[in-house]
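Coordinates from structure-v3.txt are shown below (compact mmCIF, C-alpha atoms).
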```txt
# COMPACT_ATOMS: atom_id res chain seq x y z
CA MET A 1186 -12.43 22.35 -9.89
CA ALA A 1187 -13.08 25.22 -12.29
CA THR A 1188 -15.83 27.59 -11.17
CA ASP A 1189 -17.57 30.24 -13.25
CA ILE A 1190 -20.21 32.72 -12.15
CA LEU A 1191 -22.65 34.16 -14.66
CA PHE A 1192 -24.35 37.46 -13.87
CA PRO A 1193 -27.33 37.91 -16.23
CA ARG A 1194 -29.86 40.75 -16.31
CA TRP A 1195 -32.62 38.12 -16.18
CA LEU A 1196 -32.26 34.52 -15.04
CA ILE A 1197 -35.08 32.30 -16.33
CA PRO A 1198 -34.78 28.86 -14.71
CA VAL A 1199 -38.05 27.41 -16.20
CA VAL A 1200 -38.45 25.62 -12.86
CA PRO A 1201 -40.11 27.03 -10.79
CA HIS A 1202 -42.76 27.95 -13.33
CA HIS A 1203 -43.26 31.65 -14.16
CA THR A 1204 -40.05 32.68 -12.41
CA VAL A 1205 -37.72 35.42 -13.61
CA LEU A 1206 -34.87 36.28 -11.26
CA THR A 1207 -33.02 39.58 -11.31
CA GLU A 1208 -29.85 40.51 -9.42
CA HIS A 1209 -29.04 36.81 -9.26
CA ALA A 1210 -26.09 34.70 -10.36
CA LEU A 1211 -25.66 31.16 -11.62
CA VAL A 1212 -22.56 29.22 -10.61
CA ILE A 1213 -21.05 26.51 -12.80
CA THR A 1214 -18.61 24.05 -11.26
CA ASP A 1215 -17.12 21.76 -13.89
CA GLU A 1216 -20.11 20.44 -15.87
CA ARG A 1217 -22.94 21.17 -13.44
CA ILE A 1218 -24.93 24.03 -12.00
CA SER A 1219 -23.67 24.26 -8.42
CA ALA A 1220 -25.62 27.29 -7.15
CA ILE A 1221 -28.22 29.92 -8.02
CA LEU A 1222 -28.20 32.75 -5.53
CA PRO A 1223 -28.29 36.54 -5.17
CA ARG A 1224 -25.44 38.34 -6.90
CA GLU A 1225 -23.61 39.63 -3.83
CA GLN A 1226 -23.85 36.28 -2.06
CA ALA A 1227 -22.30 34.56 -5.08
CA ILE A 1228 -19.40 37.01 -5.18
CA ALA A 1229 -18.72 36.44 -1.48
CA ALA A 1230 -19.12 32.67 -1.60
CA TYR A 1231 -16.88 32.07 -4.62
CA PRO A 1232 -13.99 34.56 -4.39
CA ALA A 1233 -11.76 32.64 -6.81
CA ALA A 1234 -14.38 32.09 -9.50
CA ARG A 1235 -14.23 33.58 -12.97
CA HIS A 1236 -16.91 36.24 -13.54
CA HIS A 1237 -19.02 36.59 -16.69
CA GLU A 1238 -21.14 39.72 -16.89
CA LEU A 1239 -24.27 39.49 -19.03
CA PRO A 1240 -25.77 42.93 -18.40
CA GLN A 1241 -28.54 42.94 -21.05
CA HIS A 1242 -29.02 39.22 -21.36
CA ALA A 1243 -31.55 36.57 -20.48
CA LEU A 1244 -29.97 33.37 -19.20
CA LEU A 1245 -32.05 30.24 -19.75
CA PRO A 1246 -31.73 26.50 -20.36
CA GLY A 1247 -30.38 25.44 -23.73
CA LEU A 1248 -33.06 24.67 -26.30
CA ILE A 1249 -33.71 21.00 -27.12
CA ASN A 1250 -34.44 20.18 -30.75
CA LEU A 1251 -36.71 17.16 -30.40
CA HIS A 1252 -36.69 16.03 -34.02
CA ALA A 1253 -34.07 16.56 -36.71
CA HIS A 1254 -32.09 14.86 -39.45
CA SER A 1255 -28.89 16.81 -38.91
CA ALA A 1256 -26.81 15.62 -41.84
CA MET A 1257 -29.52 16.73 -44.25
CA THR A 1258 -28.22 20.28 -43.93
CA LEU A 1259 -26.18 19.33 -47.00
CA LEU A 1260 -29.48 19.01 -48.90
CA ARG A 1261 -30.85 22.36 -47.75
CA GLY A 1262 -32.84 23.85 -50.63
CA TYR A 1263 -32.22 20.80 -52.81
CA ALA A 1264 -35.92 20.15 -53.44
CA ASP A 1265 -38.61 22.60 -52.34
CA ASP A 1266 -42.34 23.22 -52.67
CA LEU A 1267 -43.37 19.57 -52.98
CA PRO A 1268 -45.67 17.23 -51.03
CA LEU A 1269 -43.92 14.80 -48.67
CA MET A 1270 -44.00 11.59 -50.69
CA ARG A 1271 -42.97 13.21 -53.98
CA TRP A 1272 -40.25 15.11 -52.11
CA LEU A 1273 -38.96 11.86 -50.57
CA GLN A 1274 -39.37 9.41 -53.44
CA GLU A 1275 -38.41 11.59 -56.41
CA HIS A 1276 -35.71 13.79 -54.88
CA ILE A 1277 -34.43 13.11 -51.35
CA TRP A 1278 -34.10 9.32 -51.40
CA PRO A 1279 -32.32 9.32 -54.80
CA ALA A 1280 -29.94 12.06 -53.67
CA GLU A 1281 -29.22 10.19 -50.45
CA GLY A 1282 -28.64 6.99 -52.39
CA ALA A 1283 -26.06 8.76 -54.54
CA HIS A 1284 -24.22 10.72 -51.88
CA VAL A 1285 -24.80 9.65 -48.28
CA SER A 1286 -21.62 8.24 -46.74
CA ASP A 1287 -19.70 8.44 -43.51
CA ASP A 1288 -18.04 11.68 -44.69
CA PHE A 1289 -21.35 13.17 -45.86
CA VAL A 1290 -22.96 12.50 -42.47
CA PHE A 1291 -19.99 13.76 -40.45
CA ASP A 1292 -19.71 16.98 -42.45
CA GLY A 1293 -23.46 17.57 -42.62
CA THR A 1294 -23.89 16.93 -38.92
CA GLN A 1295 -21.13 19.37 -38.03
CA LEU A 1296 -22.75 22.00 -40.24
CA ALA A 1297 -26.04 21.40 -38.43
CA ILE A 1298 -24.38 21.58 -35.04
CA ALA A 1299 -22.70 24.88 -35.93
CA GLU A 1300 -26.09 26.29 -36.92
CA MET A 1301 -27.87 24.90 -33.87
CA ILE A 1302 -25.31 26.09 -31.33
CA ALA A 1303 -25.35 29.61 -32.81
CA GLY A 1304 -29.14 29.59 -32.43
CA GLY A 1305 -29.16 28.46 -28.80
CA THR A 1306 -29.76 24.73 -29.25
CA THR A 1307 -27.66 22.58 -26.92
CA SER A 1308 -29.20 19.16 -27.53
CA CYS A 1309 -30.76 17.41 -30.52
CA ASN A 1310 -32.82 14.27 -31.01
CA ASP A 1311 -31.50 13.11 -34.37
CA MET A 1312 -32.55 10.41 -36.82
CA TYR A 1313 -30.31 9.32 -39.67
CA PHE A 1314 -27.74 6.84 -40.99
CA HIS A 1315 -24.01 6.34 -40.29
CA HIS A 1316 -24.51 6.64 -36.56
CA SER A 1317 -20.80 6.55 -35.76
CA ALA A 1318 -20.28 9.64 -37.93
CA VAL A 1319 -23.09 11.46 -36.08
CA ALA A 1320 -21.50 10.52 -32.76
CA ARG A 1321 -18.03 11.62 -33.79
CA ALA A 1322 -19.33 14.93 -35.13
CA ALA A 1323 -21.17 15.64 -31.89
CA LEU A 1324 -18.21 14.74 -29.67
CA ALA A 1325 -15.79 16.79 -31.76
CA SER A 1326 -18.14 19.78 -31.41
CA GLY A 1327 -18.88 19.40 -27.68
CA PHE A 1328 -22.57 19.00 -28.55
CA ARG A 1329 -25.17 16.88 -26.76
CA MET A 1330 -26.80 14.44 -29.18
CA THR A 1331 -29.44 11.74 -29.00
CA ILE A 1332 -28.62 9.53 -31.98
CA GLY A 1333 -31.63 7.93 -33.58
CA CYS A 1334 -30.59 4.89 -35.61
CA SER A 1335 -32.84 4.74 -38.67
CA ILE A 1336 -34.46 1.40 -39.47
CA LEU A 1337 -36.27 0.59 -42.73
CA GLU A 1338 -37.24 -2.50 -44.67
CA PHE A 1339 -35.70 -1.53 -48.01
CA PRO A 1340 -32.02 -1.29 -48.91
CA THR A 1341 -29.94 1.88 -49.03
CA PRO A 1342 -26.20 2.26 -49.48
CA TYR A 1343 -25.99 2.12 -45.66
CA ALA A 1344 -27.78 -1.19 -45.03
CA SER A 1345 -29.48 -3.97 -46.96
CA ASN A 1346 -32.54 -4.77 -44.84
CA ALA A 1347 -34.11 -4.27 -41.41
CA ASP A 1348 -31.79 -6.77 -39.72
CA ASP A 1349 -28.77 -4.98 -41.14
CA TYR A 1350 -30.00 -1.56 -39.95
CA ILE A 1351 -30.65 -2.96 -36.48
CA GLY A 1352 -27.26 -4.68 -36.32
CA LYS A 1353 -25.46 -1.46 -37.23
CA ALA A 1354 -27.53 0.46 -34.67
CA LEU A 1355 -26.55 -1.92 -31.89
CA LYS A 1356 -22.90 -1.85 -32.94
CA SER A 1357 -22.79 1.96 -32.81
CA GLN A 1358 -24.61 2.06 -29.49
CA ALA A 1359 -22.03 -0.30 -27.99
CA GLU A 1360 -19.12 1.60 -29.57
CA PHE A 1361 -20.00 4.86 -27.80
CA ALA A 1362 -21.37 3.46 -24.54
CA GLY A 1363 -20.41 5.70 -21.62
CA GLU A 1364 -20.02 8.93 -23.60
CA LYS A 1365 -21.70 11.55 -21.41
CA LEU A 1366 -22.86 13.75 -24.29
CA LEU A 1367 -24.44 10.91 -26.25
CA GLN A 1368 -27.39 8.60 -26.00
CA PHE A 1369 -28.95 6.32 -28.60
CA THR A 1370 -32.48 5.48 -29.68
CA LEU A 1371 -33.88 2.99 -32.14
CA ALA A 1372 -35.61 4.90 -34.94
CA PRO A 1373 -37.98 2.87 -37.11
CA HIS A 1374 -38.58 5.42 -39.85
CA ALA A 1375 -42.38 5.35 -40.17
CA PRO A 1376 -45.34 2.95 -40.26
CA TYR A 1377 -45.26 2.97 -44.08
CA THR A 1378 -41.58 1.89 -44.26
CA VAL A 1379 -41.45 -0.64 -41.38
CA SER A 1380 -43.19 -4.00 -41.03
CA ASP A 1381 -45.01 -5.38 -38.00
CA ALA A 1382 -42.24 -7.92 -37.41
CA THR A 1383 -39.57 -5.22 -37.39
CA PHE A 1384 -41.58 -3.01 -35.05
CA GLN A 1385 -41.93 -5.95 -32.66
CA ARG A 1386 -38.20 -6.61 -32.74
CA VAL A 1387 -37.49 -2.93 -32.09
CA ILE A 1388 -39.84 -2.99 -29.10
CA THR A 1389 -38.10 -6.05 -27.65
CA LEU A 1390 -34.61 -4.61 -28.10
CA ALA A 1391 -35.58 -1.22 -26.69
CA ASP A 1392 -36.91 -2.94 -23.59
CA GLU A 1393 -33.85 -5.18 -23.20
CA LEU A 1394 -31.33 -2.36 -23.71
CA ASN A 1395 -33.32 0.44 -22.03
CA LEU A 1396 -33.39 2.49 -25.23
CA GLY A 1397 -35.96 5.01 -26.37
CA ILE A 1398 -37.78 4.81 -29.71
CA HIS A 1399 -38.12 7.64 -32.23
CA CYS A 1400 -40.55 7.37 -35.16
CA HIS A 1401 -42.46 9.52 -37.68
CA ILE A 1402 -46.18 8.93 -37.06
CA HIS A 1403 -49.32 10.52 -38.55
CA GLU A 1404 -47.36 13.09 -40.53
CA THR A 1405 -49.71 13.20 -43.51
CA LEU A 1406 -53.24 12.19 -44.49
CA ASP A 1407 -51.76 10.03 -47.24
CA GLU A 1408 -49.96 7.97 -44.59
CA ILE A 1409 -53.23 7.44 -42.73
CA ASN A 1410 -55.24 6.58 -45.86
CA THR A 1411 -52.59 4.09 -47.01
CA SER A 1412 -52.59 2.40 -43.62
CA GLN A 1413 -56.36 2.04 -43.67
CA LYS A 1414 -56.19 0.38 -47.09
CA GLU A 1415 -53.31 -1.97 -46.20
CA TYR A 1416 -54.01 -2.76 -42.55
CA GLY A 1417 -57.64 -1.76 -42.07
CA VAL A 1418 -56.76 0.70 -39.30
CA ARG A 1419 -55.08 4.06 -38.83
CA PRO A 1420 -51.31 3.88 -38.12
CA LEU A 1421 -51.58 4.73 -34.43
CA GLU A 1422 -54.08 1.94 -33.83
CA ARG A 1423 -51.80 -0.51 -35.61
CA LEU A 1424 -48.78 0.58 -33.56
CA ALA A 1425 -50.76 0.45 -30.33
CA GLY A 1426 -51.74 -3.13 -31.11
CA LEU A 1427 -48.07 -4.02 -31.61
CA GLY A 1428 -47.17 -2.50 -28.23
CA LEU A 1429 -45.07 0.40 -29.53
CA LEU A 1430 -46.95 2.95 -27.42
CA ASP A 1431 -45.92 1.10 -24.25
CA SER A 1432 -42.24 1.89 -24.92
CA PRO A 1433 -40.56 5.26 -24.28
CA LEU A 1434 -41.63 6.77 -27.59
CA VAL A 1435 -41.04 10.13 -29.28
CA ALA A 1436 -43.61 10.39 -32.06
CA ALA A 1437 -42.49 12.96 -34.61
CA HIS A 1438 -45.22 15.15 -36.13
CA MET A 1439 -48.55 13.59 -35.02
CA VAL A 1440 -50.28 16.14 -37.24
CA HIS A 1441 -53.53 14.26 -37.74
CA THR A 1442 -55.04 13.06 -34.46
CA THR A 1443 -58.61 12.42 -33.35
CA ASP A 1444 -59.85 13.05 -29.83
CA SER A 1445 -59.66 9.36 -29.03
CA GLU A 1446 -56.11 9.14 -30.36
CA ILE A 1447 -55.06 12.12 -28.25
CA ALA A 1448 -56.57 10.44 -25.19
CA LEU A 1449 -54.62 7.27 -26.02
CA LEU A 1450 -51.36 9.20 -26.41
CA ALA A 1451 -51.89 10.80 -23.00
CA LYS A 1452 -52.78 7.48 -21.36
CA LYS A 1453 -49.70 5.74 -22.77
CA GLY A 1454 -47.31 8.59 -22.02
CA VAL A 1455 -46.23 9.06 -25.64
CA HIS A 1456 -44.11 12.18 -26.28
CA ILE A 1457 -44.75 14.29 -29.39
CA ALA A 1458 -42.14 16.21 -31.36
CA HIS A 1459 -44.02 19.12 -32.93
CA ASN A 1460 -42.39 20.48 -36.10
CA PRO A 1461 -44.47 23.50 -37.11
CA ALA A 1462 -42.33 24.93 -39.93
CA SER A 1463 -41.73 21.61 -41.67
CA ASN A 1464 -45.40 20.67 -41.35
CA LEU A 1465 -46.35 23.94 -43.04
CA LYS A 1466 -43.73 23.81 -45.77
CA LEU A 1467 -44.66 20.27 -46.80
CA ALA A 1468 -48.37 21.12 -46.43
CA SER A 1469 -48.70 18.18 -44.06
CA GLY A 1470 -51.30 20.03 -42.01
CA LEU A 1471 -51.81 21.77 -38.67
CA ALA A 1472 -51.20 19.60 -35.62
CA ARG A 1473 -53.76 19.89 -32.79
CA ILE A 1474 -51.13 20.89 -30.28
CA GLN A 1475 -53.40 22.80 -27.93
CA ALA A 1476 -55.74 19.81 -27.64
CA GLN A 1477 -52.79 17.47 -27.13
CA LEU A 1478 -51.32 19.62 -24.36
CA ALA A 1479 -54.73 20.07 -22.71
CA ALA A 1480 -55.11 16.29 -22.60
CA GLY A 1481 -51.81 15.95 -20.77
CA VAL A 1482 -49.62 14.82 -23.66
CA ASN A 1483 -45.99 15.92 -23.34
CA VAL A 1484 -45.18 17.95 -26.47
CA GLY A 1485 -41.73 19.24 -27.35
CA ILE A 1486 -40.55 21.16 -30.39
CA GLY A 1487 -38.33 20.14 -33.30
CA THR A 1488 -37.11 21.63 -36.54
CA ASP A 1489 -37.11 18.49 -38.69
CA GLY A 1490 -34.28 18.46 -41.23
CA ALA A 1491 -32.92 21.47 -43.07
CA ALA A 1492 -34.02 19.84 -46.33
CA SER A 1493 -37.65 20.37 -45.36
CA ASN A 1494 -37.63 23.43 -43.09
CA ASN A 1495 -35.10 24.91 -44.35
CA LYS A 1496 -33.36 26.08 -41.18
CA LEU A 1497 -32.58 24.69 -37.74
CA ASP A 1498 -33.86 27.68 -35.81
CA MET A 1499 -35.53 26.76 -32.53
CA LEU A 1500 -36.39 30.35 -31.59
CA ALA A 1501 -38.31 30.67 -34.86
CA GLU A 1502 -40.09 27.36 -34.13
CA LEU A 1503 -41.09 28.66 -30.69
CA ARG A 1504 -42.81 31.68 -32.17
CA LEU A 1505 -44.47 29.68 -34.91
CA ALA A 1506 -45.74 27.01 -32.50
CA ALA A 1507 -47.35 29.62 -30.27
CA LEU A 1508 -48.91 31.58 -33.13
CA LEU A 1509 -50.26 28.53 -34.96
CA ALA A 1510 -51.90 27.23 -31.79
CA LYS A 1511 -53.70 30.53 -31.32
CA GLY A 1512 -54.81 30.79 -34.93
CA GLN A 1513 -55.97 27.19 -35.16
CA SER A 1514 -57.83 27.11 -31.84
CA GLY A 1515 -59.28 30.63 -31.98
CA ASP A 1516 -57.95 31.11 -28.45
CA PRO A 1517 -55.33 33.85 -27.93
CA GLU A 1518 -54.38 32.20 -24.64
CA ALA A 1519 -53.37 28.96 -26.36
CA ILE A 1520 -49.68 28.20 -25.77
CA PRO A 1521 -48.64 31.38 -23.98
CA ALA A 1522 -44.98 32.35 -24.10
CA TRP A 1523 -44.11 30.50 -20.91
CA GLN A 1524 -45.58 27.27 -22.19
CA ALA A 1525 -43.80 27.59 -25.53
CA LEU A 1526 -40.48 28.01 -23.72
CA GLU A 1527 -41.19 24.97 -21.56
CA MET A 1528 -41.99 22.93 -24.68
CA ALA A 1529 -38.53 23.72 -26.10
CA THR A 1530 -36.67 23.01 -22.87
CA LEU A 1531 -38.20 20.94 -20.07
CA ASN A 1532 -40.69 19.07 -22.28
CA GLY A 1533 -37.91 18.12 -24.65
CA ALA A 1534 -35.78 16.85 -21.77
CA ARG A 1535 -38.72 14.85 -20.47
CA ALA A 1536 -39.28 13.28 -23.88
CA LEU A 1537 -35.64 12.15 -23.98
CA GLN A 1538 -35.81 10.69 -20.46
CA GLN A 1539 -33.33 13.37 -19.32
CA GLU A 1540 -35.55 15.56 -17.18
CA ASP A 1541 -33.30 14.90 -14.17
CA ARG A 1542 -30.30 16.36 -16.05
CA LEU A 1543 -31.57 18.89 -18.59
CA GLY A 1544 -34.35 21.31 -19.45
CA SER A 1545 -34.21 23.74 -16.52
CA LEU A 1546 -31.68 25.69 -14.50
CA GLU A 1547 -31.59 23.82 -11.21
CA VAL A 1548 -28.73 23.00 -8.86
CA GLY A 1549 -27.20 19.66 -9.75
CA LYS A 1550 -28.33 19.67 -13.37
CA GLN A 1551 -25.98 19.80 -16.33
CA ALA A 1552 -24.85 23.31 -17.17
CA ASP A 1553 -26.48 23.43 -20.62
CA LEU A 1554 -27.52 27.07 -20.89
CA ILE A 1555 -27.67 29.99 -23.25
CA ALA A 1556 -27.49 33.77 -23.01
CA VAL A 1557 -29.66 35.89 -25.32
CA ASP A 1558 -28.82 39.59 -25.66
CA LEU A 1559 -32.08 41.55 -25.51
CA SER A 1560 -30.48 44.97 -26.05
CA ALA A 1561 -31.20 45.00 -29.80
CA VAL A 1562 -33.64 47.51 -31.26
CA GLY A 1563 -36.15 44.76 -31.99
CA THR A 1564 -36.30 43.71 -28.34
CA GLN A 1565 -36.63 47.15 -26.79
CA PRO A 1566 -38.21 48.07 -24.47
CA CYS A 1567 -38.32 44.86 -22.44
CA TYR A 1568 -41.24 44.45 -20.05
CA ASP A 1569 -41.16 40.65 -20.11
CA PRO A 1570 -38.04 38.77 -21.24
CA VAL A 1571 -39.95 35.50 -21.78
CA SER A 1572 -42.36 37.25 -24.13
CA HIS A 1573 -39.42 38.66 -26.07
CA LEU A 1574 -37.68 35.28 -26.30
CA VAL A 1575 -40.76 33.73 -27.89
CA TYR A 1576 -42.24 36.59 -29.93
CA ALA A 1577 -39.49 39.11 -30.67
CA ALA A 1578 -35.93 37.78 -30.38
CA ASP A 1579 -34.12 36.08 -33.24
CA ARG A 1580 -31.25 33.61 -33.18
CA GLN A 1581 -28.64 36.23 -34.01
CA GLN A 1582 -29.16 37.54 -30.48
CA VAL A 1583 -27.81 34.36 -28.90
CA SER A 1584 -24.44 35.49 -27.59
CA ASP A 1585 -23.13 32.64 -25.45
CA VAL A 1586 -23.75 28.91 -25.14
CA TRP A 1587 -22.52 26.42 -22.56
CA ILE A 1588 -22.87 22.64 -22.86
CA ALA A 1589 -21.93 20.53 -19.83
CA GLY A 1590 -20.29 23.64 -18.40
CA ARG A 1591 -18.06 24.21 -21.44
CA ALA A 1592 -18.35 27.50 -23.33
CA VAL A 1593 -18.90 26.33 -26.91
CA TYR A 1594 -20.04 29.75 -28.18
CA ARG A 1595 -18.74 32.99 -26.71
CA HIS A 1596 -19.66 36.53 -27.74
CA GLY A 1597 -21.10 35.22 -31.00
CA GLN A 1598 -18.08 33.11 -31.90
CA HIS A 1599 -17.76 29.34 -32.02
CA GLN A 1600 -15.25 27.90 -29.57
CA SER A 1601 -15.58 24.18 -30.28
CA LEU A 1602 -15.82 24.25 -34.09
CA ASN A 1603 -13.65 25.55 -36.91
CA LEU A 1604 -16.46 27.37 -38.70
CA ALA A 1605 -14.44 28.18 -41.82
CA GLN A 1606 -13.57 24.51 -42.24
CA VAL A 1607 -17.19 23.42 -41.70
CA GLN A 1608 -18.41 25.90 -44.32
CA ALA A 1609 -15.70 24.87 -46.79
CA LYS A 1610 -16.82 21.24 -46.51
CA ALA A 1611 -20.41 22.30 -47.20
CA ARG A 1612 -19.33 24.09 -50.37
CA GLN A 1613 -17.45 21.00 -51.52
CA TRP A 1614 -20.57 18.88 -51.08
CA GLN A 1615 -22.65 21.49 -52.92
CA SER A 1616 -20.32 21.23 -55.92
CA LYS A 1617 -20.42 17.44 -55.88
CA ILE A 1618 -24.20 17.19 -55.55
CA SER A 1619 -24.78 19.95 -58.13
CA ALA A 1620 -22.60 18.08 -60.61
CA GLY A 1621 -24.85 15.06 -60.19
CA ILE A 1622 -27.94 17.18 -60.91
CA ARG A 1623 -26.39 18.58 -64.10
CA ALA A 1624 -25.37 15.11 -65.23
```

Final structure tokens representation of the file:
Amino acid sequence: MATDILFPRWLIPVVPHHTVLTEHALVITDERISAILPREQAIAAYPAARHHELPQHALLPGLINLHAHSAMTLLRGYADDLPLMRWLQEHIWPAEGAHVSDDFVFDGTQLAIAEMIAGGTTSCNDMYFHHSAVARAALASGFRMTIGCSILEFPTPYASNADDYIGKALKSQAEFAGEKLLQFTLAPHAPYTVSDATFQRVITLADELNLGIHCHIHETLDEINTSQKEYGVRPLERLAGLGLLDSPLVAAHMVHTTDSEIALLAKKGVHIAHNPASNLKLASGLARIQAQLAAGVNVGIGTDGAASNNKLDMLAELRLAALLAKGQSGDPEAIPAWQALEMATLNGARALQQEDRLGSLEVGKQADLIAVDLSAVGTQPCYDPVSHLVYAADRQQVSDVWIAGRAVYRHGQHQSLNLAQVQAKARQWQSKISAGIRA
């Protein structure tokens, strides 16, 4: 068995809470964390291990992006400064209809993975089409991916109706069963694109197959107003009546929530994927994250897609989430740095039903971890490494990334991806999509 010992300046395990270890080492044996112990004890206990010195670095769990549409990196900057429904209906959906294919999704997902790994993200909760292409891109990159299989009522080039989307989701889930880096969820797109009958079928299948559910909910006021006109109730009430909230559910956005809705989310154990940058850019609103957390709702952090963010930068989302919570609540103690870090690690793992494997540096867990170099001018001096990770560091300071014990990013260089090839593919897609715009 291969054994590696990492010697960071600061070791931030997330569990126990508020712990920063110095003069300690973390031992990786194959794909798992096998020990965390004082430096000299580690050297003595593992004489044949490979040593990795990280003298100015914080070592912490890999960040978990709880909501993204990875392949949409190929539409980054394609349509900006628009409200959600105009953005979707007039620009994104037509572009997807013209260009989305197996190759588009594979290439776009690899581009997203390259960006996410370089920024310290080791796991992503995705939602898109061509699920086999997403899976193959993740496996080829050594990346951990939760593959959300999009389900809608209307046809796209990928599927003709809800039954077709569901059939393709189940086929892909069976095709990659047993892959350690992959898991699948059913992803009904949103209340305004999915019928009651389809939601009920999704709930039944998720229960039968032990799958999670991933859905956009309460992203905009327009969504809520439309639901009240068509169904007589707000979307969350409609979904609760169908039983969706009784399933393992990641609700993306949840921007507009009343006190009673927050209480219901907490009671049902619904997980929220908070996407602060995308919510701001699309002017969807300011989610009541502090109130949701205070009520006991598990809230993680996502980037959304690069077409609406426009970057997959979890460190930037951490800072924004903490600052927005303070500004919105009027409470400078809202979402302190420690809590923000937990949202992007342990809370994300909990939302994906992987808390026993991911989200903290604990013996027996998967060795998904990142090293962030805090020696840069912008992170000096360093009184508190957790404060710097949330408020001062940027993604260029991520130096090393391990996923399942494999070094996929070392000294700022990709080890599992041919970056030049990935970027060349992106340029080819830019030319093709740009030609369509000109035409």

**Message:** Quick one: residues within 7 Å of range 1596-1603 of chain A, only C-alpha atoms, excluding same-chain residues fewer than 3 positions away - as a PyMOL selection string?
**Reply:** chain A and resi 1326-1327+1584-1585+1592-1593+1606-1607

**Prompt:** Got a sec: who's within 9 Å of Glu1238 in chain A, counting only C-alpha atoms, leaving out chain neighbours fewer than 5 positions off, as a PyMOL selection string?
**Reply:** chain A and resi 1190-1194

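With all atoms listed in the file as the basis for measurement, A:Arg1473 is the residue among A:Lys1550, A:Arg1473, A:Arg1419, A:Arg1595 that approaches Met1439 in chain A most closely.
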
**Request:** Would you kindly return, as a ChimeraX atom specification, each protein, DNA or RNA residue with an atom no farther than 9 Å from any atom of range 1373-1387 of chain A, considering all atoms listed in the file and excluding same-chain residues fewer than 6 positions away?
**Result:** /A:1312,1333-1339,1347-1348,1351,1398-1403,1408,1411-1412,1420-1421,1423-1424,1427-1429

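From CA of Glu1360 in chain A back to CA of Ala1320 in chain A, the distance works out to 9.8 Å.
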
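If only C-alpha atoms are the atoms counted, then among A:Leu1537, A:Ile1249, A:Val1455, A:Ala1322 the closest residue to Met1499 in chain A is A:Ile1249.
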
Residues near range 1266-1273 of chain A, cut-off 8 Å, only C-alpha atoms, skip fewer than 2 positions along chain, as a PDB file with C-alpha atoms, keeping the file's coordinate frame:
```pdb
ATOM      1  CA  ALA A1264     -35.920  20.150 -53.440  1.00  0.00           C
ATOM      2  CA  GLU A1275     -38.410  11.590 -56.410  1.00  0.00           C
ATOM      3  CA  HIS A1276     -35.710  13.790 -54.880  1.00  0.00           C
ATOM      4  CA  ILE A1277     -34.430  13.110 -51.350  1.00  0.00           C
ATOM      5  CA  TRP A1278     -34.100   9.320 -51.400  1.00  0.00           C
ATOM      6  CA  THR A1405     -49.710  13.200 -43.510  1.00  0.00           C
ATOM      7  CA  LYS A1466     -43.730  23.810 -45.770  1.00  0.00           C
ATOM      8  CA  LEU A1467     -44.660  20.270 -46.800  1.00  0.00           C
ATOM      9  CA  ALA A1468     -48.370  21.120 -46.430  1.00  0.00           C
ATOM     10  CA  SER A1469     -48.700  18.180 -44.060  1.00  0.00           C
TER      11      SER A1469
END
```

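The spacing separating CA of His1456 in chain A from CA of Val1435 in chain A amounts to 4.8 Å.
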
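Omitting Arg1217 in chain A and its sequence neighbours fewer than 6 positions away, and counting all atoms listed in the file, the residues within 7 Å are Gly1549, Lys1550, Gln1551, Ala1552, Ala1589 and Gly1590 of chain A.
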
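Here CA of Leu1245 in chain A and CA of Thr1214 in chain A stand 17.1 Å from one another.
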
**Request:** Would you please work out which residue, of A:Lys1356, A:His1252, A:Arg1580, A:Arg1224, is nearest to Ser1308 in chain A when using all atoms listed in the file?
**Result:** A:His1252

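Ranking A:Ala1243, A:Ala1476, A:Ile1588, A:Ala1233 by their shortest atom-to-atom distance to Glu1446 in chain A, with all atoms listed in the file included, puts A:Ala1476 first.
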
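Minimum distance to Asp1516 in chain A across A:Gln1475, A:Gln1539, A:Ser1345, A:Thr1258 (counting all atoms listed in the file) occurs at A:Gln1475.
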
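Compared by their closest atoms to Asp1558 in chain A, and using all atoms listed in the file, the residues A:His1573, A:Lys1511, A:Lys1414, A:His1242 rank with A:His1242 nearest.
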